[in-house]
file model-v3.pdb (PDB, C-alpha atoms, pLDDT in the B column)
ATOM      1  CA  MET A   1       0.174  67.811 -62.693  1.00 41.00           C
ATOM      2  CA  THR A   2       0.676  68.057 -58.952  1.00 41.00           C
ATOM      3  CA  ASN A   3      -2.592  66.256 -58.221  1.00 43.00           C
ATOM      4  CA  ASP A   4      -1.755  63.507 -60.696  1.00 44.00           C
ATOM      5  CA  PHE A   5       1.665  63.004 -59.125  1.00 37.00           C
ATOM      6  CA  TYR A   6       0.148  62.867 -55.601  1.00 36.00           C
ATOM      7  CA  SER A   7      -2.488  60.411 -56.813  1.00 42.00           C
ATOM      8  CA  VAL A   8       0.090  58.101 -58.357  1.00 45.00           C
ATOM      9  CA  THR A   9       2.236  58.224 -55.220  1.00 53.00           C
ATOM     10  CA  GLN A  10      -0.700  57.299 -53.030  1.00 48.00           C
ATOM     11  CA  GLN A  11      -1.604  54.444 -55.340  1.00 55.00           C
ATOM     12  CA  GLU A  12       1.977  53.174 -55.145  1.00 61.00           C
ATOM     13  CA  LYS A  13       1.918  53.364 -51.348  1.00 48.00           C
ATOM     14  CA  LEU A  14      -1.342  51.464 -51.192  1.00 49.00           C
ATOM     15  CA  ALA A  15       0.000  48.842 -53.557  1.00 54.00           C
ATOM     16  CA  ARG A  16       3.172  48.390 -51.479  1.00 58.00           C
ATOM     17  CA  ALA A  17       1.144  48.164 -48.282  1.00 50.00           C
ATOM     18  CA  GLN A  18      -1.126  45.551 -49.837  1.00 57.00           C
ATOM     19  CA  GLN A  19       1.865  43.580 -51.038  1.00 60.00           C
ATOM     20  CA  ALA A  20       3.499  43.797 -47.586  1.00 52.00           C
ATOM     21  CA  LEU A  21       0.318  42.487 -45.975  1.00 50.00           C
ATOM     22  CA  THR A  22       0.177  39.619 -48.458  1.00 58.00           C
ATOM     23  CA  ASP A  23       3.838  38.786 -47.835  1.00 58.00           C
ATOM     24  CA  TYR A  24       3.272  38.864 -44.067  1.00 50.00           C
ATOM     25  CA  LEU A  25       0.273  36.546 -44.278  1.00 49.00           C
ATOM     26  CA  GLU A  26       2.248  34.127 -46.418  1.00 54.00           C
ATOM     27  CA  HIS A  27       5.764  34.378 -45.015  1.00 51.00           C
ATOM     28  CA  GLY A  28       5.778  36.616 -41.924  1.00 49.00           C
ATOM     29  CA  SER A  29       7.532  39.988 -41.785  1.00 48.00           C
ATOM     30  CA  ASP A  30      10.617  41.663 -40.334  1.00 49.00           C
ATOM     31  CA  LEU A  31       8.324  44.404 -39.010  1.00 49.00           C
ATOM     32  CA  PHE A  32       6.256  41.988 -36.952  1.00 52.00           C
ATOM     33  CA  ASP A  33       7.774  38.686 -35.979  1.00 63.00           C
ATOM     34  CA  PRO A  34       4.990  36.500 -34.541  1.00 68.00           C
ATOM     35  CA  VAL A  35       7.474  34.108 -32.938  1.00 70.00           C
ATOM     36  CA  ALA A  36       9.315  36.947 -31.203  1.00 71.00           C
ATOM     37  CA  GLU A  37       6.053  38.555 -30.108  1.00 79.00           C
ATOM     38  CA  LYS A  38       4.878  35.297 -28.600  1.00 82.00           C
ATOM     39  CA  GLY A  39       8.165  35.056 -26.722  1.00 80.00           C
ATOM     40  CA  LYS A  40       7.800  38.625 -25.440  1.00 89.00           C
ATOM     41  CA  GLN A  41       4.297  37.873 -24.204  1.00 90.00           C
ATOM     42  CA  GLU A  42       5.611  35.056 -22.025  1.00 92.00           C
ATOM     43  CA  ILE A  43       8.458  37.260 -20.772  1.00 94.00           C
ATOM     44  CA  ARG A  44       5.970  40.004 -19.875  1.00 93.00           C
ATOM     45  CA  ARG A  45       3.832  37.501 -17.996  1.00 93.00           C
ATOM     46  CA  ARG A  46       6.732  36.162 -15.951  1.00 94.00           C
ATOM     47  CA  ALA A  47       8.108  39.645 -15.304  1.00 93.00           C
ATOM     48  CA  LEU A  48       4.740  40.854 -14.022  1.00 93.00           C
ATOM     49  CA  LEU A  49       4.514  37.860 -11.692  1.00 93.00           C
ATOM     50  CA  LEU A  50       7.924  38.770 -10.277  1.00 93.00           C
ATOM     51  CA  LEU A  51       6.872  42.391  -9.811  1.00 92.00           C
ATOM     52  CA  GLU A  52       3.719  41.305  -8.009  1.00 90.00           C
ATOM     53  CA  GLN A  53       5.892  39.648  -5.356  1.00 89.00           C
ATOM     54  CA  ARG A  54       7.874  42.841  -4.692  1.00 89.00           C
ATOM     55  CA  GLY A  55       9.462  45.787  -6.424  1.00 90.00           C
ATOM     56  CA  ARG A  56      12.606  44.919  -8.367  1.00 94.00           C
ATOM     57  CA  SER A  57      15.349  46.748 -10.151  1.00 96.00           C
ATOM     58  CA  ARG A  58      15.870  46.319 -13.881  1.00 97.00           C
ATOM     59  CA  SER A  59      19.016  44.297 -13.213  1.00 97.00           C
ATOM     60  CA  GLU A  60      17.159  41.958 -10.833  1.00 96.00           C
ATOM     61  CA  LEU A  61      14.401  41.344 -13.363  1.00 96.00           C
ATOM     62  CA  ARG A  62      16.922  40.744 -16.125  1.00 97.00           C
ATOM     63  CA  ASP A  63      18.837  38.205 -14.041  1.00 97.00           C
ATOM     64  CA  ARG A  64      15.692  36.312 -13.055  1.00 96.00           C
ATOM     65  CA  LEU A  65      14.410  36.203 -16.627  1.00 96.00           C
ATOM     66  CA  LEU A  66      17.776  35.064 -17.966  1.00 97.00           C
ATOM     67  CA  ARG A  67      17.719  32.225 -15.441  1.00 96.00           C
ATOM     68  CA  LEU A  68      14.431  31.164 -17.010  1.00 94.00           C
ATOM     69  CA  GLU A  69      16.372  30.912 -20.293  1.00 92.00           C
ATOM     70  CA  PHE A  70      14.472  33.568 -22.206  1.00 94.00           C
ATOM     71  CA  ASP A  71      16.193  35.245 -25.136  1.00 93.00           C
ATOM     72  CA  SER A  72      18.349  38.131 -23.877  1.00 95.00           C
ATOM     73  CA  THR A  73      17.385  40.468 -26.730  1.00 94.00           C
ATOM     74  CA  LEU A  74      13.671  39.924 -26.128  1.00 94.00           C
ATOM     75  CA  ILE A  75      14.200  40.470 -22.411  1.00 95.00           C
ATOM     76  CA  GLU A  76      15.775  43.869 -23.074  1.00 96.00           C
ATOM     77  CA  ASP A  77      12.889  44.781 -25.381  1.00 94.00           C
ATOM     78  CA  VAL A  78      10.354  43.938 -22.685  1.00 94.00           C
ATOM     79  CA  LEU A  79      12.328  45.799 -20.019  1.00 96.00           C
ATOM     80  CA  ASP A  80      12.502  48.850 -22.275  1.00 95.00           C
ATOM     81  CA  ASP A  81       8.718  48.717 -22.604  1.00 92.00           C
ATOM     82  CA  PHE A  82       8.340  48.353 -18.831  1.00 93.00           C
ATOM     83  CA  ALA A  83      10.686  51.281 -18.216  1.00 94.00           C
ATOM     84  CA  GLU A  84       8.731  53.461 -20.622  1.00 92.00           C
ATOM     85  CA  CYS A  85       5.491  52.860 -18.728  1.00 90.00           C
ATOM     86  CA  LYS A  86       7.261  53.057 -15.308  1.00 90.00           C
ATOM     87  CA  LEU A  87       6.690  49.429 -14.364  1.00 91.00           C
ATOM     88  CA  VAL A  88      10.471  49.343 -13.966  1.00 93.00           C
ATOM     89  CA  ASP A  89      11.975  52.497 -12.463  1.00 95.00           C
ATOM     90  CA  ASP A  90      15.387  52.173 -10.840  1.00 97.00           C
ATOM     91  CA  ALA A  91      15.280  55.687  -9.383  1.00 96.00           C
ATOM     92  CA  LEU A  92      11.973  55.039  -7.624  1.00 94.00           C
ATOM     93  CA  PHE A  93      13.040  51.546  -6.590  1.00 95.00           C
ATOM     94  CA  ALA A  94      16.220  52.912  -4.971  1.00 96.00           C
ATOM     95  CA  SER A  95      14.323  55.644  -3.156  1.00 95.00           C
ATOM     96  CA  GLU A  96      11.758  53.221  -1.714  1.00 94.00           C
ATOM     97  CA  TRP A  97      14.408  50.652  -0.806  1.00 95.00           C
ATOM     98  CA  VAL A  98      16.388  53.202   1.196  1.00 95.00           C
ATOM     99  CA  ARG A  99      13.357  54.703   2.907  1.00 92.00           C
ATOM    100  CA  GLN A 100      11.861  51.407   4.018  1.00 90.00           C
ATOM    101  CA  ARG A 101      15.027  49.597   5.053  1.00 91.00           C
ATOM    102  CA  HIS A 102      16.412  52.574   6.910  1.00 90.00           C
ATOM    103  CA  GLN A 103      13.229  53.045   8.912  1.00 84.00           C
ATOM    104  CA  ARG A 104      12.255  49.408   9.462  1.00 86.00           C
ATOM    105  CA  SER A 105      15.609  47.646   9.701  1.00 85.00           C
ATOM    106  CA  GLY A 106      17.847  50.473  10.886  1.00 87.00           C
ATOM    107  CA  LYS A 107      20.344  49.971   8.065  1.00 90.00           C
ATOM    108  CA  SER A 108      23.093  52.558   7.701  1.00 92.00           C
ATOM    109  CA  ARG A 109      23.830  54.418   4.479  1.00 93.00           C
ATOM    110  CA  VAL A 110      26.920  52.271   3.973  1.00 93.00           C
ATOM    111  CA  VAL A 111      24.915  49.041   4.031  1.00 93.00           C
ATOM    112  CA  LEU A 112      22.076  50.462   1.947  1.00 96.00           C
ATOM    113  CA  ASP A 113      24.500  51.671  -0.706  1.00 96.00           C
ATOM    114  CA  ARG A 114      26.053  48.207  -0.837  1.00 95.00           C
ATOM    115  CA  GLU A 115      22.630  46.578  -1.164  1.00 96.00           C
ATOM    116  CA  LEU A 116      21.585  48.884  -3.992  1.00 97.00           C
ATOM    117  CA  LYS A 117      24.866  48.319  -5.805  1.00 97.00           C
ATOM    118  CA  SER A 118      24.310  44.546  -5.602  1.00 97.00           C
ATOM    119  CA  LYS A 119      20.948  45.092  -7.311  1.00 97.00           C
ATOM    120  CA  GLY A 120      22.545  46.865 -10.236  1.00 97.00           C
ATOM    121  CA  ILE A 121      21.401  50.383  -9.334  1.00 97.00           C
ATOM    122  CA  ALA A 122      23.470  53.089 -11.025  1.00 97.00           C
ATOM    123  CA  THR A 123      25.609  55.428  -8.900  1.00 97.00           C
ATOM    124  CA  ASN A 124      23.497  58.529  -9.553  1.00 97.00           C
ATOM    125  CA  TYR A 125      20.309  56.776  -8.445  1.00 97.00           C
ATOM    126  CA  ARG A 126      22.015  55.409  -5.334  1.00 97.00           C
ATOM    127  CA  GLU A 127      23.318  58.821  -4.365  1.00 97.00           C
ATOM    128  CA  ALA A 128      19.929  60.470  -4.869  1.00 97.00           C
ATOM    129  CA  ALA A 129      18.188  57.806  -2.783  1.00 97.00           C
ATOM    130  CA  LEU A 130      20.718  57.942   0.051  1.00 96.00           C
ATOM    131  CA  ALA A 131      20.417  61.736   0.196  1.00 96.00           C
ATOM    132  CA  GLN A 132      17.079  61.151   1.935  1.00 93.00           C
ATOM    133  CA  ILE A 133      19.001  60.137   5.069  1.00 93.00           C
ATOM    134  CA  SER A 134      20.609  62.982   6.980  1.00 92.00           C
ATOM    135  CA  GLU A 135      23.342  62.552   9.581  1.00 90.00           C
ATOM    136  CA  GLU A 136      20.734  63.348  12.219  1.00 92.00           C
ATOM    137  CA  ASP A 137      18.414  60.635  10.876  1.00 91.00           C
ATOM    138  CA  GLU A 138      21.204  58.098  10.939  1.00 91.00           C
ATOM    139  CA  ALA A 139      22.193  59.048  14.485  1.00 91.00           C
ATOM    140  CA  GLU A 140      18.618  58.647  15.689  1.00 92.00           C
ATOM    141  CA  VAL A 141      18.365  55.193  14.158  1.00 92.00           C
ATOM    142  CA  ALA A 142      21.669  54.133  15.724  1.00 93.00           C
ATOM    143  CA  LYS A 143      20.557  55.396  19.128  1.00 94.00           C
ATOM    144  CA  ARG A 144      17.268  53.527  18.841  1.00 93.00           C
ATOM    145  CA  ILE A 145      19.033  50.273  17.981  1.00 94.00           C
ATOM    146  CA  ALA A 146      21.538  50.686  20.808  1.00 95.00           C
ATOM    147  CA  ALA A 147      18.818  51.508  23.344  1.00 95.00           C
ATOM    148  CA  LYS A 148      16.781  48.473  22.306  1.00 94.00           C
ATOM    149  CA  LYS A 149      19.773  46.188  22.758  1.00 95.00           C
ATOM    150  CA  ALA A 150      20.718  47.808  26.061  1.00 95.00           C
ATOM    151  CA  ASN A 151      17.168  47.380  27.358  1.00 95.00           C
ATOM    152  CA  SER A 152      17.612  43.615  27.177  1.00 94.00           C
ATOM    153  CA  ILE A 153      20.043  43.886  30.121  1.00 94.00           C
ATOM    154  CA  LYS A 154      18.112  42.860  33.225  1.00 93.00           C
ATOM    155  CA  GLU A 155      20.584  43.622  35.999  1.00 92.00           C
ATOM    156  CA  VAL A 156      23.485  45.955  36.793  1.00 91.00           C
ATOM    157  CA  PRO A 157      26.830  44.468  35.659  1.00 91.00           C
ATOM    158  CA  HIS A 158      28.768  43.010  38.593  1.00 89.00           C
ATOM    159  CA  ASP A 159      32.186  44.105  37.328  1.00 90.00           C
ATOM    160  CA  LEU A 160      34.049  45.757  34.446  1.00 93.00           C
ATOM    161  CA  GLN A 161      34.333  42.487  32.533  1.00 94.00           C
ATOM    162  CA  GLN A 162      30.577  41.996  32.492  1.00 94.00           C
ATOM    163  CA  ARG A 163      30.012  45.623  31.585  1.00 95.00           C
ATOM    164  CA  ASN A 164      32.413  45.350  28.651  1.00 95.00           C
ATOM    165  CA  LYS A 165      30.632  42.188  27.530  1.00 95.00           C
ATOM    166  CA  HIS A 166      27.351  44.111  27.301  1.00 95.00           C
ATOM    167  CA  LEU A 167      29.115  46.960  25.545  1.00 95.00           C
ATOM    168  CA  ARG A 168      30.593  44.650  22.898  1.00 95.00           C
ATOM    169  CA  ARG A 169      27.173  43.196  22.172  1.00 95.00           C
ATOM    170  CA  ILE A 170      25.653  46.611  21.596  1.00 96.00           C
ATOM    171  CA  VAL A 171      28.577  47.660  19.394  1.00 95.00           C
ATOM    172  CA  GLY A 172      28.235  44.406  17.447  1.00 93.00           C
ATOM    173  CA  MET A 173      24.557  45.039  16.844  1.00 93.00           C
ATOM    174  CA  LEU A 174      25.339  48.453  15.387  1.00 94.00           C
ATOM    175  CA  ALA A 175      28.251  47.138  13.344  1.00 92.00           C
ATOM    176  CA  ARG A 176      26.013  44.556  11.683  1.00 90.00           C
ATOM    177  CA  ARG A 177      23.898  47.421  10.399  1.00 91.00           C
ATOM    178  CA  GLY A 178      26.912  49.120   8.887  1.00 90.00           C
ATOM    179  CA  PHE A 179      27.843  51.704  11.492  1.00 90.00           C
ATOM    180  CA  SER A 180      31.570  52.208  12.024  1.00 87.00           C
ATOM    181  CA  GLU A 181      33.173  50.858  15.193  1.00 85.00           C
ATOM    182  CA  ALA A 182      34.216  54.278  16.471  1.00 84.00           C
ATOM    183  CA  TYR A 183      30.759  55.724  15.816  1.00 87.00           C
ATOM    184  CA  SER A 184      29.063  52.681  17.333  1.00 91.00           C
ATOM    185  CA  TYR A 185      31.190  52.707  20.458  1.00 94.00           C
ATOM    186  CA  ALA A 186      30.158  56.207  21.548  1.00 93.00           C
ATOM    187  CA  ILE A 187      26.457  55.519  21.004  1.00 95.00           C
ATOM    188  CA  ALA A 188      26.666  52.087  22.637  1.00 96.00           C
ATOM    189  CA  GLN A 189      28.438  53.554  25.664  1.00 95.00           C
ATOM    190  CA  ALA A 190      25.717  56.169  26.141  1.00 95.00           C
ATOM    191  CA  ALA A 191      22.934  53.590  25.777  1.00 96.00           C
ATOM    192  CA  LEU A 192      24.610  51.246  28.270  1.00 95.00           C
ATOM    193  CA  ASP A 193      25.106  54.056  30.792  1.00 95.00           C
ATOM    194  CA  ASP A 194      21.440  55.045  30.513  1.00 94.00           C
ATOM    195  CA  ARG A 195      20.333  51.458  31.068  1.00 94.00           C
ATOM    196  CA  ILE A 196      22.591  50.918  34.070  1.00 93.00           C
ATOM    197  CA  ASN A 197      21.452  54.193  35.629  1.00 93.00           C
ATOM    198  CA  LEU A 198      17.835  53.146  35.194  1.00 91.00           C
ATOM    199  CA  LEU A 199      18.471  49.732  36.744  1.00 89.00           C
ATOM    200  CA  GLU A 200      20.318  51.285  39.684  1.00 87.00           C
ATOM    201  CA  ASN A 201      17.564  53.834  40.308  1.00 88.00           C
ATOM    202  CA  THR A 202      14.901  51.153  40.082  1.00 85.00           C
ATOM    203  CA  SER A 203      16.661  48.876  42.581  1.00 72.00           C
ATOM    204  CA  ASN A 204      17.085  51.675  45.156  1.00 64.00           C
TER     205      ASN A 204
END
call {"tool": "encode", "arguments": {"input": "model-v3.pdb", "output": "structure tokens"}}
result
Amino acid sequence: MTNDFYSVTQQEKLARAQQALTDYLEHGSDLFDPVAEKGKQEIRRRALLLLEQRGRSRSELRDRLLRLEFDSTLIEDVLDDFAECKLVDDALFASEWVRQRHQRSGKSRVVLDRELKSKGIATNYREAALAQISEEDEAEVAKRIAAKKANSIKEVPHDLQQRNKHLRRIVGMLARRGFSEAYSYAIAQAALDDRINLLENTSN
């Protein structure tokens, strides 16, 4: 009895599968929409081209693909697939963004956090990425930027007005990278003093 029941059930399953295949060949199927799949293929192609240019967050990819007027539901399906195979990984993207832009461009944590937020990176990923930068790391970057700007000064300032002009320029350079004015002032002052001392010693 049990074997007969199993046999009948299997035959029914095979019959339904055969009927589903026939229906698909004749009319398409909800399980596999050839039109949608064709659309997803084009979305995948364009998304991969964008990723070849540079790493992007999920939000960035979504925005670019929407601008190309692809269907929003299909875009999300493709992005889900990309996330599953790690082609889109906001945590990794945030980590690499912070590491590279802090080292190469001297951006502060404040600026980097703002940049990541503009790219749609979630708060937890931003915080984890920014944790790579210690206060000591940030201070070293600020000092390097200030010293580079100060080194462009070619002669000892003639008076306080000229000295303050140089100081404002160094502070401005640091401020553009997101360092606070109070923090920037102390570092800029030290860098300017070092440069003036060097110029004075060289001229003597």
call {"tool": "closest_residue", "arguments": {"input": "model-v3.pdb", "among": "A:Arg45, A:Arg101, A:Lys119, A:Lys165", "to": "A:Arg58", "atoms": "all atoms listed in the file"}}
result
A:Lys119
call {"tool": "closest_residue", "arguments": {"input": "model-v3.pdb", "among": "A:Glu115, A:Asp80, A:Glu155, A:Glu140", "to": "A:Leu199", "atoms": "all atoms listed in the file"}}
result
A:Glu155
call {"tool": "resolve_selection", "arguments": {"input": "model-v3.pdb", "expression": "the PyMOL selection byres ((chain A and resi 123-136) around 12)", "output": "ChimeraX atom specification"}}
result
/A:57,89-103,106-122,137-143,179,183
call {"tool": "write_last_selection", "arguments": {"input": "model-v3.pdb", "atoms": "C-alpha atoms", "output": "PDB file, in the coordinates of the input"}}
result
ATOM      1  CA  SER A  57      15.349  46.748 -10.151  1.00 96.00           C
ATOM      2  CA  ASP A  89      11.975  52.497 -12.463  1.00 95.00           C
ATOM      3  CA  ASP A  90      15.387  52.173 -10.840  1.00 97.00           C
ATOM      4  CA  ALA A  91      15.280  55.687  -9.383  1.00 96.00           C
ATOM      5  CA  LEU A  92      11.973  55.039  -7.624  1.00 94.00           C
ATOM      6  CA  PHE A  93      13.040  51.546  -6.590  1.00 95.00           C
ATOM      7  CA  ALA A  94      16.220  52.912  -4.971  1.00 96.00           C
ATOM      8  CA  SER A  95      14.323  55.644  -3.156  1.00 95.00           C
ATOM      9  CA  GLU A  96      11.758  53.221  -1.714  1.00 94.00           C
ATOM     10  CA  TRP A  97      14.408  50.652  -0.806  1.00 95.00           C
ATOM     11  CA  VAL A  98      16.388  53.202   1.196  1.00 95.00           C
ATOM     12  CA  ARG A  99      13.357  54.703   2.907  1.00 92.00           C
ATOM     13  CA  GLN A 100      11.861  51.407   4.018  1.00 90.00           C
ATOM     14  CA  ARG A 101      15.027  49.597   5.053  1.00 91.00           C
ATOM     15  CA  HIS A 102      16.412  52.574   6.910  1.00 90.00           C
ATOM     16  CA  GLN A 103      13.229  53.045   8.912  1.00 84.00           C
ATOM     17  CA  GLY A 106      17.847  50.473  10.886  1.00 87.00           C
ATOM     18  CA  LYS A 107      20.344  49.971   8.065  1.00 90.00           C
ATOM     19  CA  SER A 108      23.093  52.558   7.701  1.00 92.00           C
ATOM     20  CA  ARG A 109      23.830  54.418   4.479  1.00 93.00           C
ATOM     21  CA  VAL A 110      26.920  52.271   3.973  1.00 93.00           C
ATOM     22  CA  VAL A 111      24.915  49.041   4.031  1.00 93.00           C
ATOM     23  CA  LEU A 112      22.076  50.462   1.947  1.00 96.00           C
ATOM     24  CA  ASP A 113      24.500  51.671  -0.706  1.00 96.00           C
ATOM     25  CA  ARG A 114      26.053  48.207  -0.837  1.00 95.00           C
ATOM     26  CA  GLU A 115      22.630  46.578  -1.164  1.00 96.00           C
ATOM     27  CA  LEU A 116      21.585  48.884  -3.992  1.00 97.00           C
ATOM     28  CA  LYS A 117      24.866  48.319  -5.805  1.00 97.00           C
ATOM     29  CA  SER A 118      24.310  44.546  -5.602  1.00 97.00           C
ATOM     30  CA  LYS A 119      20.948  45.092  -7.311  1.00 97.00           C
ATOM     31  CA  GLY A 120      22.545  46.865 -10.236  1.00 97.00           C
ATOM     32  CA  ILE A 121      21.401  50.383  -9.334  1.00 97.00           C
ATOM     33  CA  ALA A 122      23.470  53.089 -11.025  1.00 97.00           C
ATOM     34  CA  ASP A 137      18.414  60.635  10.876  1.00 91.00           C
ATOM     35  CA  GLU A 138      21.204  58.098  10.939  1.00 91.00           C
ATOM     36  CA  ALA A 139      22.193  59.048  14.485  1.00 91.00           C
ATOM     37  CA  GLU A 140      18.618  58.647  15.689  1.00 92.00           C
ATOM     38  CA  VAL A 141      18.365  55.193  14.158  1.00 92.00           C
ATOM     39  CA  ALA A 142      21.669  54.133  15.724  1.00 93.00           C
ATOM     40  CA  LYS A 143      20.557  55.396  19.128  1.00 94.00           C
ATOM     41  CA  PHE A 179      27.843  51.704  11.492  1.00 90.00           C
ATOM     42  CA  TYR A 183      30.759  55.724  15.816  1.00 87.00           C
TER      43      TYR A 183
END
call {"tool": "atom_distance", "arguments": {"input": "model-v3.pdb", "atom1": "atom CA of A:Tyr185", "atom2": "atom CA of A:Asn201"}}
result
24.1 Å
call {"tool": "resolve_selection", "arguments": {"input": "model-v3.pdb", "expression": "the PyMOL selection byres ((chain A and resi 170) around 7)", "output": "list in words"}}
result
Ala146, Lys149, Ala150, His166, Leu167, Arg168, Arg169, Val171, Gly172, Met173, Leu174 and Ala188 of chain A
call {"tool": "resolve_selection", "arguments": {"input": "model-v3.pdb", "expression": "the PyMOL selection byres ((chain A and resi 38-44) around 9)", "output": "PDB file with C-alpha atoms, in the frame of the given file"}}
result
ATOM      1  CA  ASP A  33       7.774  38.686 -35.979  1.00 63.00           C
ATOM      2  CA  PRO A  34       4.990  36.500 -34.541  1.00 68.00           C
ATOM      3  CA  VAL A  35       7.474  34.108 -32.938  1.00 70.00           C
ATOM      4  CA  ALA A  36       9.315  36.947 -31.203  1.00 71.00           C
ATOM      5  CA  GLU A  37       6.053  38.555 -30.108  1.00 79.00           C
ATOM      6  CA  ARG A  45       3.832  37.501 -17.996  1.00 93.00           C
ATOM      7  CA  ARG A  46       6.732  36.162 -15.951  1.00 94.00           C
ATOM      8  CA  ALA A  47       8.108  39.645 -15.304  1.00 93.00           C
ATOM      9  CA  LEU A  48       4.740  40.854 -14.022  1.00 93.00           C
ATOM     10  CA  LEU A  49       4.514  37.860 -11.692  1.00 93.00           C
ATOM     11  CA  LEU A  65      14.410  36.203 -16.627  1.00 96.00           C
ATOM     12  CA  PHE A  70      14.472  33.568 -22.206  1.00 94.00           C
ATOM     13  CA  ASP A  71      16.193  35.245 -25.136  1.00 93.00           C
ATOM     14  CA  LEU A  74      13.671  39.924 -26.128  1.00 94.00           C
ATOM     15  CA  ILE A  75      14.200  40.470 -22.411  1.00 95.00           C
ATOM     16  CA  ASP A  77      12.889  44.781 -25.381  1.00 94.00           C
ATOM     17  CA  VAL A  78      10.354  43.938 -22.685  1.00 94.00           C
ATOM     18  CA  LEU A  79      12.328  45.799 -20.019  1.00 96.00           C
ATOM     19  CA  PHE A  82       8.340  48.353 -18.831  1.00 93.00           C
TER      20      PHE A  82
END
call {"tool": "closest_residue", "arguments": {"input": "model-v3.pdb", "among": "A:Ala186, A:Ala175, A:Leu66, A:Ile145", "to": "A:Ser105", "atoms": "only C-alpha atoms"}}
result
A:Ile145
call {"tool": "atom_distance", "arguments": {"input": "model-v3.pdb", "atom1": "atom CA of A:Asp193", "atom2": "atom CA of A:Pro157"}}
result
10.9 Å
call {"tool": "atom_distance", "arguments": {"input": "model-v3.pdb", "atom1": "atom CA of A:Ser72", "atom2": "atom CA of A:Leu51"}}
result
18.6 Å
call {"tool": "decode", "arguments": {"input": "model-v3.pdb", "residues": "stretch 149-154 of chain A", "atoms": "all heavy atoms", "output": "PDB file, in the first residue's frame"}}
result
ATOM      1  N   LYS A 149      52.179  72.519   4.075  1.00  0.00           N
ATOM      2  CA  LYS A 149      51.771  73.887   3.745  1.00  0.00           C
ATOM      3  C   LYS A 149      52.793  74.892   4.251  1.00  0.00           C
ATOM      4  O   LYS A 149      53.144  75.860   3.545  1.00  0.00           O
ATOM      5  CB  LYS A 149      50.394  74.175   4.353  1.00  0.00           C
ATOM      6  CG  LYS A 149      49.820  75.531   3.979  1.00  0.00           C
ATOM      7  CD  LYS A 149      49.575  75.635   2.488  1.00  0.00           C
ATOM      8  CE  LYS A 149      48.904  76.947   2.126  1.00  0.00           C
ATOM      9  NZ  LYS A 149      48.731  77.087   0.661  1.00  0.00           N
ATOM     10  N   ALA A 150      53.293  74.695   5.450  1.00  0.00           N
ATOM     11  CA  ALA A 150      54.276  75.612   6.019  1.00  0.00           C
ATOM     12  C   ALA A 150      55.567  75.620   5.204  1.00  0.00           C
ATOM     13  O   ALA A 150      56.233  76.658   5.071  1.00  0.00           O
ATOM     14  CB  ALA A 150      54.565  75.240   7.473  1.00  0.00           C
ATOM     15  N   ASN A 151      55.921  74.482   4.650  1.00  0.00           N
ATOM     16  CA  ASN A 151      57.165  74.381   3.874  1.00  0.00           C
ATOM     17  C   ASN A 151      57.125  75.178   2.573  1.00  0.00           C
ATOM     18  O   ASN A 151      58.156  75.387   1.939  1.00  0.00           O
ATOM     19  CB  ASN A 151      57.480  72.921   3.574  1.00  0.00           C
ATOM     20  CG  ASN A 151      57.973  72.173   4.797  1.00  0.00           C
ATOM     21  OD1 ASN A 151      58.405  72.792   5.774  1.00  0.00           O
ATOM     22  ND2 ASN A 151      57.905  70.854   4.756  1.00  0.00           N
ATOM     23  N   SER A 152      55.944  75.632   2.189  1.00  0.00           N
ATOM     24  CA  SER A 152      55.842  76.464   0.990  1.00  0.00           C
ATOM     25  C   SER A 152      56.270  77.903   1.273  1.00  0.00           C
ATOM     26  O   SER A 152      56.443  78.692   0.343  1.00  0.00           O
ATOM     27  CB  SER A 152      54.412  76.444   0.446  1.00  0.00           C
ATOM     28  OG  SER A 152      53.518  77.079   1.350  1.00  0.00           O
ATOM     29  N   ILE A 153      56.446  78.243   2.547  1.00  0.00           N
ATOM     30  CA  ILE A 153      56.907  79.590   2.925  1.00  0.00           C
ATOM     31  C   ILE A 153      58.406  79.682   2.636  1.00  0.00           C
ATOM     32  O   ILE A 153      59.193  78.874   3.123  1.00  0.00           O
ATOM     33  CB  ILE A 153      56.624  79.857   4.414  1.00  0.00           C
ATOM     34  CG1 ILE A 153      55.116  79.759   4.695  1.00  0.00           C
ATOM     35  CG2 ILE A 153      57.166  81.224   4.833  1.00  0.00           C
ATOM     36  CD1 ILE A 153      54.754  79.788   6.170  1.00  0.00           C
ATOM     37  N   LYS A 154      58.800  80.662   1.874  1.00  0.00           N
ATOM     38  CA  LYS A 154      60.189  80.744   1.406  1.00  0.00           C
ATOM     39  C   LYS A 154      61.054  81.729   2.191  1.00  0.00           C
ATOM     40  O   LYS A 154      62.275  81.704   2.086  1.00  0.00           O
ATOM     41  CB  LYS A 154      60.218  81.125  -0.080  1.00  0.00           C
ATOM     42  CG  LYS A 154      59.476  80.133  -0.976  1.00  0.00           C
ATOM     43  CD  LYS A 154      59.994  78.708  -0.802  1.00  0.00           C
ATOM     44  CE  LYS A 154      59.245  77.732  -1.693  1.00  0.00           C
ATOM     45  NZ  LYS A 154      59.675  76.321  -1.447  1.00  0.00           N
TER      46      LYS A 154
END
